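Undergrad: Just so it is clear, I am handing over upload.cif, which has mmCIF, C-alpha atoms.
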```
data_run
#
loop_
_atom_site.label_atom_id
_atom_site.label_comp_id
_atom_site.auth_asym_id
_atom_site.auth_seq_id
_atom_site.Cartn_x
_atom_site.Cartn_y
_atom_site.Cartn_z
CA MET A 52 0.00 0.00 0.00
CA THR A 53 1.33 3.41 -0.97
CA TRP A 54 0.95 6.38 1.40
CA LEU A 55 2.09 9.96 1.67
CA ASP A 56 2.21 12.57 4.42
CA PRO A 57 1.98 15.90 2.56
CA SER A 58 2.79 17.85 5.73
CA ASP A 59 6.36 16.50 5.89
CA PRO A 60 8.66 19.59 5.59
CA GLU A 61 11.40 17.70 3.74
CA TRP A 62 8.91 16.28 1.24
CA GLN A 63 7.46 19.77 0.73
CA ARG A 64 10.93 21.21 0.15
CA GLN A 65 11.83 18.62 -2.47
CA TYR A 66 8.43 18.93 -4.08
CA LYS A 67 8.69 22.71 -4.49
CA GLU A 68 12.27 22.55 -5.74
CA THR A 69 11.40 19.97 -8.37
CA ALA A 70 8.09 21.55 -9.35
CA CYS A 71 9.71 24.93 -9.92
CA SER A 72 12.36 23.56 -12.25
CA ASP A 73 12.11 24.52 -15.90
CA LYS A 74 11.18 20.98 -16.90
CA TYR A 75 8.16 20.65 -14.62
CA ARG A 76 6.97 24.19 -13.93
CA ASP A 77 4.04 23.90 -16.33
CA VAL A 78 3.07 20.28 -15.69
CA ALA A 79 3.38 19.71 -11.92
CA ASP A 80 0.09 18.63 -10.39
CA PHE A 81 -0.84 21.17 -7.74
CA SER A 82 -4.51 20.12 -7.50
CA PRO A 83 -5.66 19.96 -3.84
CA GLY A 84 -7.08 16.47 -4.21
CA ARG A 85 -3.74 14.99 -5.27
CA TYR A 86 -1.97 15.15 -1.90
CA ARG A 87 -4.33 16.32 0.87
CA ASP A 88 -4.59 14.12 3.95
CA TRP A 89 -7.92 12.53 4.86
CA ASP A 90 -6.54 11.41 8.23
CA ASN A 91 -8.25 8.00 8.03
CA LEU A 92 -5.32 5.66 7.43
CA ARG A 93 -5.82 4.00 10.82
CA PHE A 94 -9.19 2.72 9.58
CA TRP A 95 -7.42 1.03 6.68
CA PHE A 96 -5.34 -0.98 9.15
CA ARG A 97 -8.34 -1.71 11.36
CA GLY A 98 -10.21 -3.06 8.33
CA ILE A 99 -7.34 -5.36 7.37
CA GLU A 100 -6.96 -6.66 10.92
CA LYS A 101 -10.67 -7.30 11.41
CA TYR A 102 -11.80 -8.50 8.00
CA ALA A 103 -8.64 -9.85 6.32
CA PRO A 104 -6.61 -11.46 9.14
CA TRP A 105 -5.18 -13.96 6.64
CA VAL A 106 -2.92 -11.28 5.16
CA ASN A 107 0.70 -12.38 5.65
CA ARG A 108 2.50 -9.07 5.24
CA ILE A 109 1.73 -5.43 4.58
CA HIS A 110 4.34 -3.56 2.56
CA PHE A 111 3.80 0.05 3.63
CA VAL A 112 5.38 2.19 0.91
CA THR A 113 6.31 5.69 2.06
CA TYR A 114 8.54 8.60 1.10
CA GLY A 115 10.22 8.08 4.46
CA HIS A 116 7.80 9.47 6.99
CA LEU A 117 5.44 7.42 9.18
CA PRO A 118 2.20 8.24 11.00
CA THR A 119 2.93 9.06 14.64
CA TRP A 120 0.39 6.47 15.78
CA LEU A 121 1.75 3.58 13.66
CA ASN A 122 3.39 0.63 15.38
CA PRO A 123 6.39 -0.11 13.12
CA GLN A 124 7.23 -3.21 15.18
CA HIS A 125 4.09 -5.08 14.15
CA PRO A 126 5.28 -8.48 12.80
CA LYS A 127 3.16 -8.18 9.64
CA LEU A 128 4.36 -4.69 8.77
CA ASN A 129 7.23 -4.03 6.37
CA ILE A 130 8.17 -0.35 6.09
CA VAL A 131 9.36 0.35 2.53
CA ARG A 132 10.91 3.70 1.65
CA HIS A 133 11.11 4.80 -1.95
CA ALA A 134 14.89 4.54 -1.89
CA ASP A 135 14.64 0.91 -0.73
CA TYR A 136 13.38 -0.35 -4.08
CA ILE A 137 13.45 2.43 -6.69
CA ASP A 138 16.58 3.30 -8.66
CA ALA A 139 18.17 6.51 -7.36
CA ARG A 140 18.05 8.10 -10.82
CA TYR A 141 14.23 8.20 -10.58
CA LEU A 142 14.18 9.87 -7.15
CA PRO A 143 12.78 11.96 -5.71
CA THR A 144 9.50 11.21 -7.42
CA PHE A 145 6.07 12.73 -6.92
CA ASN A 146 4.50 10.40 -9.43
CA SER A 147 2.57 7.52 -7.86
CA ARG A 148 2.86 5.57 -11.11
CA VAL A 149 6.60 5.28 -10.56
CA LEU A 150 6.01 3.75 -7.12
CA GLU A 151 3.70 1.13 -8.60
CA LEU A 152 5.66 0.28 -11.74
CA ASN A 153 8.80 -0.46 -9.70
CA LEU A 154 7.21 -3.01 -7.37
CA ILE A 155 9.06 -5.80 -9.19
CA HIS A 156 12.20 -4.57 -7.41
CA LEU A 157 10.71 -5.14 -3.97
CA GLU A 158 12.52 -8.38 -3.14
CA SER A 159 10.27 -9.44 -0.25
CA LEU A 160 7.10 -9.02 -2.30
CA ALA A 161 5.24 -12.34 -2.57
CA GLU A 162 4.23 -13.95 -5.86
CA HIS A 163 0.57 -13.34 -4.94
CA PHE A 164 -0.04 -9.78 -3.77
CA VAL A 165 -2.73 -7.10 -3.85
CA LEU A 166 -2.01 -3.48 -4.73
CA PHE A 167 -3.84 -1.00 -2.50
CA ASN A 168 -3.89 2.77 -2.46
CA ASP A 169 -4.67 4.61 0.76
CA ASP A 170 -8.22 5.34 -0.44
CA PHE A 171 -9.07 1.62 -0.82
CA PHE A 172 -10.72 0.28 2.35
CA VAL A 173 -11.81 -3.14 3.62
CA ILE A 174 -15.20 -2.66 5.32
CA ASP A 175 -16.46 -6.24 5.59
CA ARG A 176 -15.19 -9.80 5.43
CA LEU A 177 -12.66 -10.19 2.64
CA ASP A 178 -11.85 -13.81 1.86
CA PRO A 179 -8.72 -14.74 -0.12
CA GLU A 180 -10.95 -16.40 -2.74
CA MET A 181 -12.38 -12.98 -3.58
CA LEU A 182 -8.93 -11.99 -4.85
CA PHE A 183 -7.31 -15.22 -6.05
CA LYS A 184 -8.68 -18.53 -7.30
CA GLY A 185 -6.67 -21.51 -8.47
CA GLY A 186 -3.50 -19.51 -7.91
CA LEU A 187 -4.62 -16.76 -10.32
CA PRO A 188 -5.90 -13.21 -9.74
CA ARG A 189 -9.68 -12.79 -9.87
CA ASP A 190 -10.40 -10.36 -12.70
CA PHE A 191 -12.59 -9.76 -15.74
CA ALA A 192 -11.72 -9.38 -19.43
CA ILE A 193 -14.42 -6.98 -20.58
CA LEU A 194 -13.94 -4.51 -23.40
CA ASN A 195 -14.63 -0.81 -22.97
CA ALA A 196 -14.21 2.44 -24.92
CA TYR A 197 -12.44 5.33 -23.22
CA SER A 198 -13.91 8.80 -23.51
CA GLY A 199 -10.74 10.86 -23.07
CA ASP A 200 -11.73 12.26 -19.67
CA GLY A 201 -9.95 11.80 -16.34
CA LEU A 202 -7.43 8.97 -16.41
CA SER A 203 -8.33 7.99 -19.99
CA PRO A 204 -5.19 9.46 -21.66
CA VAL A 205 -2.94 7.26 -19.53
CA LEU A 206 -5.11 4.19 -20.08
CA MET A 207 -5.05 4.95 -23.80
CA ASN A 208 -1.25 4.98 -23.63
CA ASN A 209 -1.41 1.49 -22.11
CA ILE A 210 -3.73 0.32 -24.89
CA LYS A 211 -1.49 1.81 -27.56
CA GLN A 212 1.43 -0.26 -26.30
CA LEU A 213 -0.76 -3.36 -26.14
CA ASN A 214 -2.00 -2.98 -29.71
CA ARG A 215 1.56 -2.63 -30.98
CA ARG A 216 2.41 -6.14 -29.81
CA PHE A 217 -0.79 -8.17 -29.61
CA ASP A 218 -3.60 -8.98 -32.03
CA LYS A 219 -7.01 -8.54 -30.44
CA ARG A 220 -8.80 -11.31 -32.31
CA SER A 221 -6.02 -13.84 -31.75
CA VAL A 222 -5.97 -13.05 -28.03
CA MET A 223 -9.74 -13.51 -27.74
CA ARG A 224 -9.71 -16.77 -29.71
CA ASN A 225 -6.89 -18.20 -27.61
CA HIS A 226 -8.74 -17.52 -24.34
CA PHE A 227 -12.35 -17.61 -25.54
CA SER A 228 -13.87 -18.84 -22.25
CA LYS A 229 -12.23 -15.99 -20.34
CA TRP A 230 -13.55 -13.30 -22.67
CA PHE A 231 -17.08 -14.69 -22.94
CA ASN A 232 -17.65 -15.93 -19.42
CA PRO A 233 -21.11 -16.08 -17.79
CA ALA A 234 -19.64 -14.55 -14.62
CA TYR A 235 -19.58 -11.20 -16.45
CA ARG A 236 -23.39 -11.12 -16.68
CA GLN A 237 -24.75 -7.93 -18.27
CA TYR A 238 -21.25 -6.56 -18.83
CA LEU A 239 -20.78 -9.05 -21.67
CA ALA A 240 -22.80 -6.67 -23.82
CA ARG A 241 -19.88 -4.23 -23.83
CA THR A 242 -17.55 -6.82 -25.30
CA LEU A 243 -20.09 -7.93 -27.90
CA LEU A 244 -20.73 -4.36 -29.05
CA LEU A 245 -17.00 -3.64 -29.37
CA LEU A 246 -16.12 -6.86 -31.22
CA PRO A 247 -16.22 -5.23 -34.69
CA TRP A 248 -13.30 -2.94 -33.81
CA PRO A 249 -10.10 -4.71 -34.94
CA ARG A 250 -7.95 -3.33 -32.10
CA PHE A 251 -8.35 -3.05 -28.34
CA THR A 252 -10.25 0.12 -27.40
CA GLY A 253 -9.99 -0.29 -23.63
CA PHE A 254 -11.05 -2.47 -20.73
CA LEU A 255 -13.65 -2.15 -18.01
CA GLU A 256 -11.68 -1.00 -14.97
CA PRO A 257 -12.32 -2.21 -11.40
CA HIS A 258 -11.01 0.92 -9.56
CA LEU A 259 -10.51 -1.37 -6.56
CA PRO A 260 -7.60 -3.20 -4.89
CA GLN A 261 -5.87 -5.09 -7.70
CA PRO A 262 -4.60 -8.67 -7.26
CA TYR A 263 -1.39 -9.45 -9.15
CA LEU A 264 1.25 -12.09 -9.70
CA LYS A 265 4.78 -10.80 -9.25
CA SER A 266 5.90 -13.04 -12.12
CA ASN A 267 3.42 -11.26 -14.39
CA LEU A 268 4.97 -7.91 -13.43
CA GLN A 269 8.36 -9.25 -14.41
CA GLU A 270 7.04 -10.54 -17.74
CA THR A 271 5.34 -7.21 -18.44
CA TRP A 272 8.60 -5.35 -17.83
CA ALA A 273 10.34 -7.72 -20.22
CA VAL A 274 7.89 -6.72 -22.97
CA PHE A 275 7.28 -3.04 -22.20
CA GLY A 276 10.42 -2.10 -20.28
CA GLU A 277 11.42 0.85 -22.45
CA GLU A 278 8.01 2.52 -22.18
CA MET A 279 7.79 1.89 -18.44
CA ALA A 280 11.26 3.34 -17.87
CA LYS A 281 10.14 6.51 -19.66
CA THR A 282 7.33 6.94 -17.13
CA CYS A 283 9.76 6.28 -14.29
CA ARG A 284 11.72 9.32 -15.42
CA SER A 285 8.61 11.52 -14.96
CA LYS A 286 8.89 13.24 -11.57
CA PHE A 287 5.21 14.23 -11.77
CA ARG A 288 2.16 12.59 -13.30
CA LEU A 289 2.03 13.34 -17.03
CA THR A 290 -0.61 12.52 -19.63
CA SER A 291 2.14 10.73 -21.56
CA ASP A 292 2.64 8.20 -18.72
CA ILE A 293 1.57 4.60 -18.54
CA ASN A 294 0.41 3.12 -15.23
CA HIS A 295 0.19 -0.18 -13.36
CA TYR A 296 -2.92 -1.21 -15.28
CA LEU A 297 -0.55 -2.29 -18.02
CA PHE A 298 0.32 -5.18 -15.66
CA ARG A 299 -3.38 -5.97 -15.47
CA TYR A 300 -3.87 -5.81 -19.23
CA HIS A 301 -0.94 -8.16 -19.68
CA HIS A 302 -2.44 -10.85 -17.47
CA LEU A 303 -5.82 -10.38 -19.19
CA ILE A 304 -4.50 -10.92 -22.71
CA ASN A 305 -2.42 -13.91 -21.56
CA GLY A 306 -5.38 -15.51 -19.78
CA ARG A 307 -3.52 -15.58 -16.47
CA PHE A 308 -6.56 -14.76 -14.34
CA SER A 309 -9.71 -16.38 -12.98
CA PRO A 310 -12.97 -14.81 -14.25
CA ALA A 311 -14.97 -12.90 -11.64
CA THR A 312 -18.17 -10.87 -11.62
CA PRO A 313 -17.34 -7.14 -11.89
CA ARG A 314 -17.94 -5.03 -8.78
CA LYS A 315 -19.54 -7.88 -6.85
CA ASP A 316 -17.25 -7.45 -3.85
CA GLY A 317 -16.37 -3.77 -4.12
CA THR A 318 -17.77 -0.32 -4.83
CA TYR A 319 -16.10 2.75 -6.29
CA TYR A 320 -17.05 6.34 -5.45
CA GLU A 321 -15.77 9.66 -6.70
CA ILE A 322 -16.66 11.65 -3.63
CA SER A 323 -18.12 15.15 -3.92
CA ASN A 324 -20.16 17.73 -2.00
CA ASP A 325 -23.29 16.12 -3.45
CA ASN A 326 -22.74 12.47 -2.59
CA TYR A 327 -20.62 12.34 0.57
CA ARG A 328 -23.60 11.50 2.77
CA GLU A 329 -24.40 8.59 0.49
CA VAL A 330 -20.79 7.39 0.77
CA ALA A 331 -20.87 7.68 4.57
CA ALA A 332 -24.08 5.65 4.70
CA PHE A 333 -22.61 3.02 2.36
CA ILE A 334 -19.60 2.56 4.64
CA GLU A 335 -21.88 1.88 7.61
CA SER A 336 -24.11 -0.45 5.56
CA GLN A 337 -21.17 -2.73 4.65
CA LYS A 338 -22.91 -3.76 1.42
CA THR A 339 -19.61 -4.80 -0.12
CA ALA A 340 -16.29 -5.95 1.32
CA LEU A 341 -14.31 -3.17 -0.38
CA ILE A 342 -14.83 0.49 -1.08
CA THR A 343 -12.76 3.04 -2.99
CA ILE A 344 -13.25 6.69 -2.08
CA ASN A 345 -11.57 8.77 -4.72
CA ASP A 346 -10.91 12.41 -3.86
CA ALA A 347 -12.65 14.58 -6.46
CA ASP A 348 -14.34 17.97 -6.64
CA ILE A 349 -14.85 18.96 -2.99
CA SER A 350 -15.10 22.58 -1.89
CA ASP A 351 -15.97 21.95 1.79
CA PHE A 352 -13.25 19.39 2.41
CA GLU A 353 -13.28 19.47 6.21
CA THR A 354 -17.04 18.81 6.40
CA VAL A 355 -16.84 15.93 3.95
CA LYS A 356 -13.79 14.45 5.68
CA ALA A 357 -15.47 14.62 9.11
CA SER A 358 -18.57 12.85 7.80
CA ILE A 359 -16.63 10.03 6.12
CA ASN A 360 -14.33 9.51 9.09
CA ALA A 361 -17.26 9.48 11.51
CA SER A 362 -18.70 6.54 9.58
CA PHE A 363 -15.39 4.73 9.65
CA ALA A 364 -15.16 5.36 13.40
CA LYS A 365 -18.59 3.75 13.91
CA LEU A 366 -17.45 0.72 11.95
CA PHE A 367 -14.03 0.52 13.61
CA PRO A 368 -14.22 2.06 17.11
CA ASP A 369 -11.30 0.09 18.55
CA LYS A 370 -7.58 0.43 17.93
CA SER A 371 -5.81 -2.23 15.93
CA ALA A 372 -2.51 -3.83 16.87
CA PHE A 373 -0.97 -1.66 14.14
CA GLU A 374 -1.50 1.38 16.38
CA VAL A 375 0.61 2.34 19.39
#
```
Written as structure tokens, how would this file's structure read?
TA:
Amino acid sequence: MTWLDPSDPEWQRQYKETACSDKYRDVADFSPGRYRDWDNLRFWFRGIEKYAPWVNRIHFVTYGHLPTWLNPQHPKLNIVRHADYIDARYLPTFNSRVLELNLIHLESLAEHFVLFNDDFFVIDRLDPEMLFKGGLPRDFAILNAYSGDGLSPVLMNNIKQLNRRFDKRSVMRNHFSKWFNPAYRQYLARTLLLLPWPRFTGFLEPHLPQPYLKSNLQETWAVFGEEMAKTCRSKFRLTSDINHYLFRYHHLINGRFSPATPRKDGTYYEISNDNYREVAAFIESQKTALITINDADISDFETVKASINASFAKLFPDKSAFEV
């Protein structure tokens, strides 16, 4: 899981120095939602402890700082600083994609792992079978068409690289049962409607914790290493980047996944002034095991944060062993 404390003075100093350089002055991401602190990380750990006790190890990826309340001696916790696994020539970085693309260099990372961000929460029982089955990640190969908004430019970059090396129709023929699987239910219509297009146009995205095989990451780097290294050189998030979903696309086209029903076990929200009460109520309802709360267009941040954290506090009133 990747985490950042934007109040760290040293991080702020390096950020400003890098952002003000000629190369990044016009592209650095200064949007408030990119780095502001929701102060709810402790609920992430409480959710893991209560609803996913089978987890063997948590790799806590950080610039170098730690929450004051965190117990770094917890036997399941591995503190990973950027410099521990990322080549020095790419540091400092303020691009989360660099953190994720370089996970293959984390030696203690298991073959089966799940990539979390700090806005992905476990709010009800999460069984291992929801994430892996038969030794493979649970996922879905469903076609989609990107609109160009939001993250679409980066996802389109991923697709561009994919289409350069793989033939859509051959891929779908080779793994027919994984592209046309009854587990996909109504979402199959998307794939059927996009079949006439000769090239990949995109995939339905989960926007939830992503299960991976470390060996697949290594294989993806072997195929797309040059393009991934280019992103690693980007100190800030650029529209020319690729992201970790290229790992996902690679296991989809190679059939190295177990078909699952989309969004059965998790829900994604882009939180706003208009829906935060709905999100707070959903947390307390525990309708799914996982929830993603993506920071979006919020003007009254403190009010929204207080409401969301109050719901988490109702769900997790007690400290976890990860807290001092």
Undergrad: As a check of understanding, name the residues that the PyMOL selection byres ((chain A and resi 238-255) around 6) selects in the supplied structure, as a PyMOL selection string.
TA: chain A and resi 193-196+219+235-237+256
Undergrad: Given only C-alpha atoms as the basis, pick out the residue of A:Asn326, A:Asn208, A:Thr282, A:Ser266 nearest to His302 of chain A.
TA: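 Of A:Asn326, A:Asn208, A:Thr282, A:Ser266, the one nearest His302 of chain A is A:Ser266, counting only C-alpha atoms.
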Undergrad: Hey, could you make a per-residue contact list for segment 180-234 of chain A against segment 151-175 of chain A with 9 Å as the cut-off, showing the nearest pair of atoms and its distance in Å to one decimal, counting all atoms listed in the file, sorted by chain and number, as a Markdown table?
TA:
```
| residue | atom | partner | partner_atom | distance |
| --- | --- | --- | --- | --- |
| A:Leu182 | CA | A:Val165 | CA | 8.0 |
| A:Phe183 | CA | A:His163 | CA | 8.2 |
| A:Gly186 | CA | A:His163 | CA | 8.0 |
| A:Leu187 | CA | A:His163 | CA | 8.2 |
| A:Pro188 | CA | A:His163 | CA | 8.1 |
```
Undergrad: Might you spell out which residues the PyMOL selection byres ((chain A and resi 135-147) around 8) would select in the displayed file, as number ranges by chain?
TA: A: 65-66, 131-134, 148-151, 153-154, 156-157, 283-288
Undergrad: Fewer than 6 positions away in the same chain doesn't count, so skip those; otherwise give me all residues within 12 Å of Asp90 of chain A, counting all atoms listed in the file, as a list in words.
TA: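 The contact residues come out as Trp54, Leu55, Asp56, Pro57, Ser58, Pro118, Thr119, Trp120, Asp169, Asp170, Phe352, Glu353, Lys356, Ala357, Ile359, Asn360, Ala361, Phe363 and Ala364 of chain A.
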Undergrad: Counting all atoms listed in the file, figure out which residue out of A:Gly98, A:Gly185, A:Pro126, A:Pro104 gets nearest to Leu341 of chain A.
TA: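 For Leu341 of chain A, the nearest of the given residues is A:Gly98.
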Undergrad: Rank A:Met207, A:Ile304, A:Val330, A:Ile322 by their smallest atom-to-atom distance to Ala347 of chain A, using all atoms listed in the file, and report the top residue only.
TA: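 The shortest atom-to-atom distance to Ala347 of chain A comes from A:Ile322.
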Undergrad: What is the atom CA of Leu128 of chain A to atom CA of Lys338 of chain A distance in Å?
TA: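 Atom CA of Lys338 of chain A lies 28.3 Å from atom CA of Leu128 of chain A.
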Undergrad: Identify which of the residues A:Gln261, A:Thr53, A:Asn209, A:Thr312 lies closest to Ala234 of chain A, counting only C-alpha atoms when measuring atom-to-atom distances.
TA: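 The shortest atom-to-atom distance to Ala234 of chain A comes from A:Thr312.
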Undergrad: I'd like the residues picked by the PyMOL selection byres ((chain A and resi 97) around 12) written out as a ChimeraX atom specification, using the chain letters and numbers from the file.
TA: /A:91-96,98-104,121,172-175,363-374
Undergrad: One number please: atom CA of Trp230 of chain A to atom CA of Pro313 of chain A, in Å, one decimal.
TA: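 Distance between the two atoms: 13.0 Å.
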Undergrad: One decimal, Å: what's the distance from atom CA of Ser362 of chain A over to atom CA of Ala331 of chain A, could you say?
TA: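 Atom-to-atom, atom CA of Ser362 of chain A and atom CA of Ala331 of chain A are spaced 5.6 Å apart.
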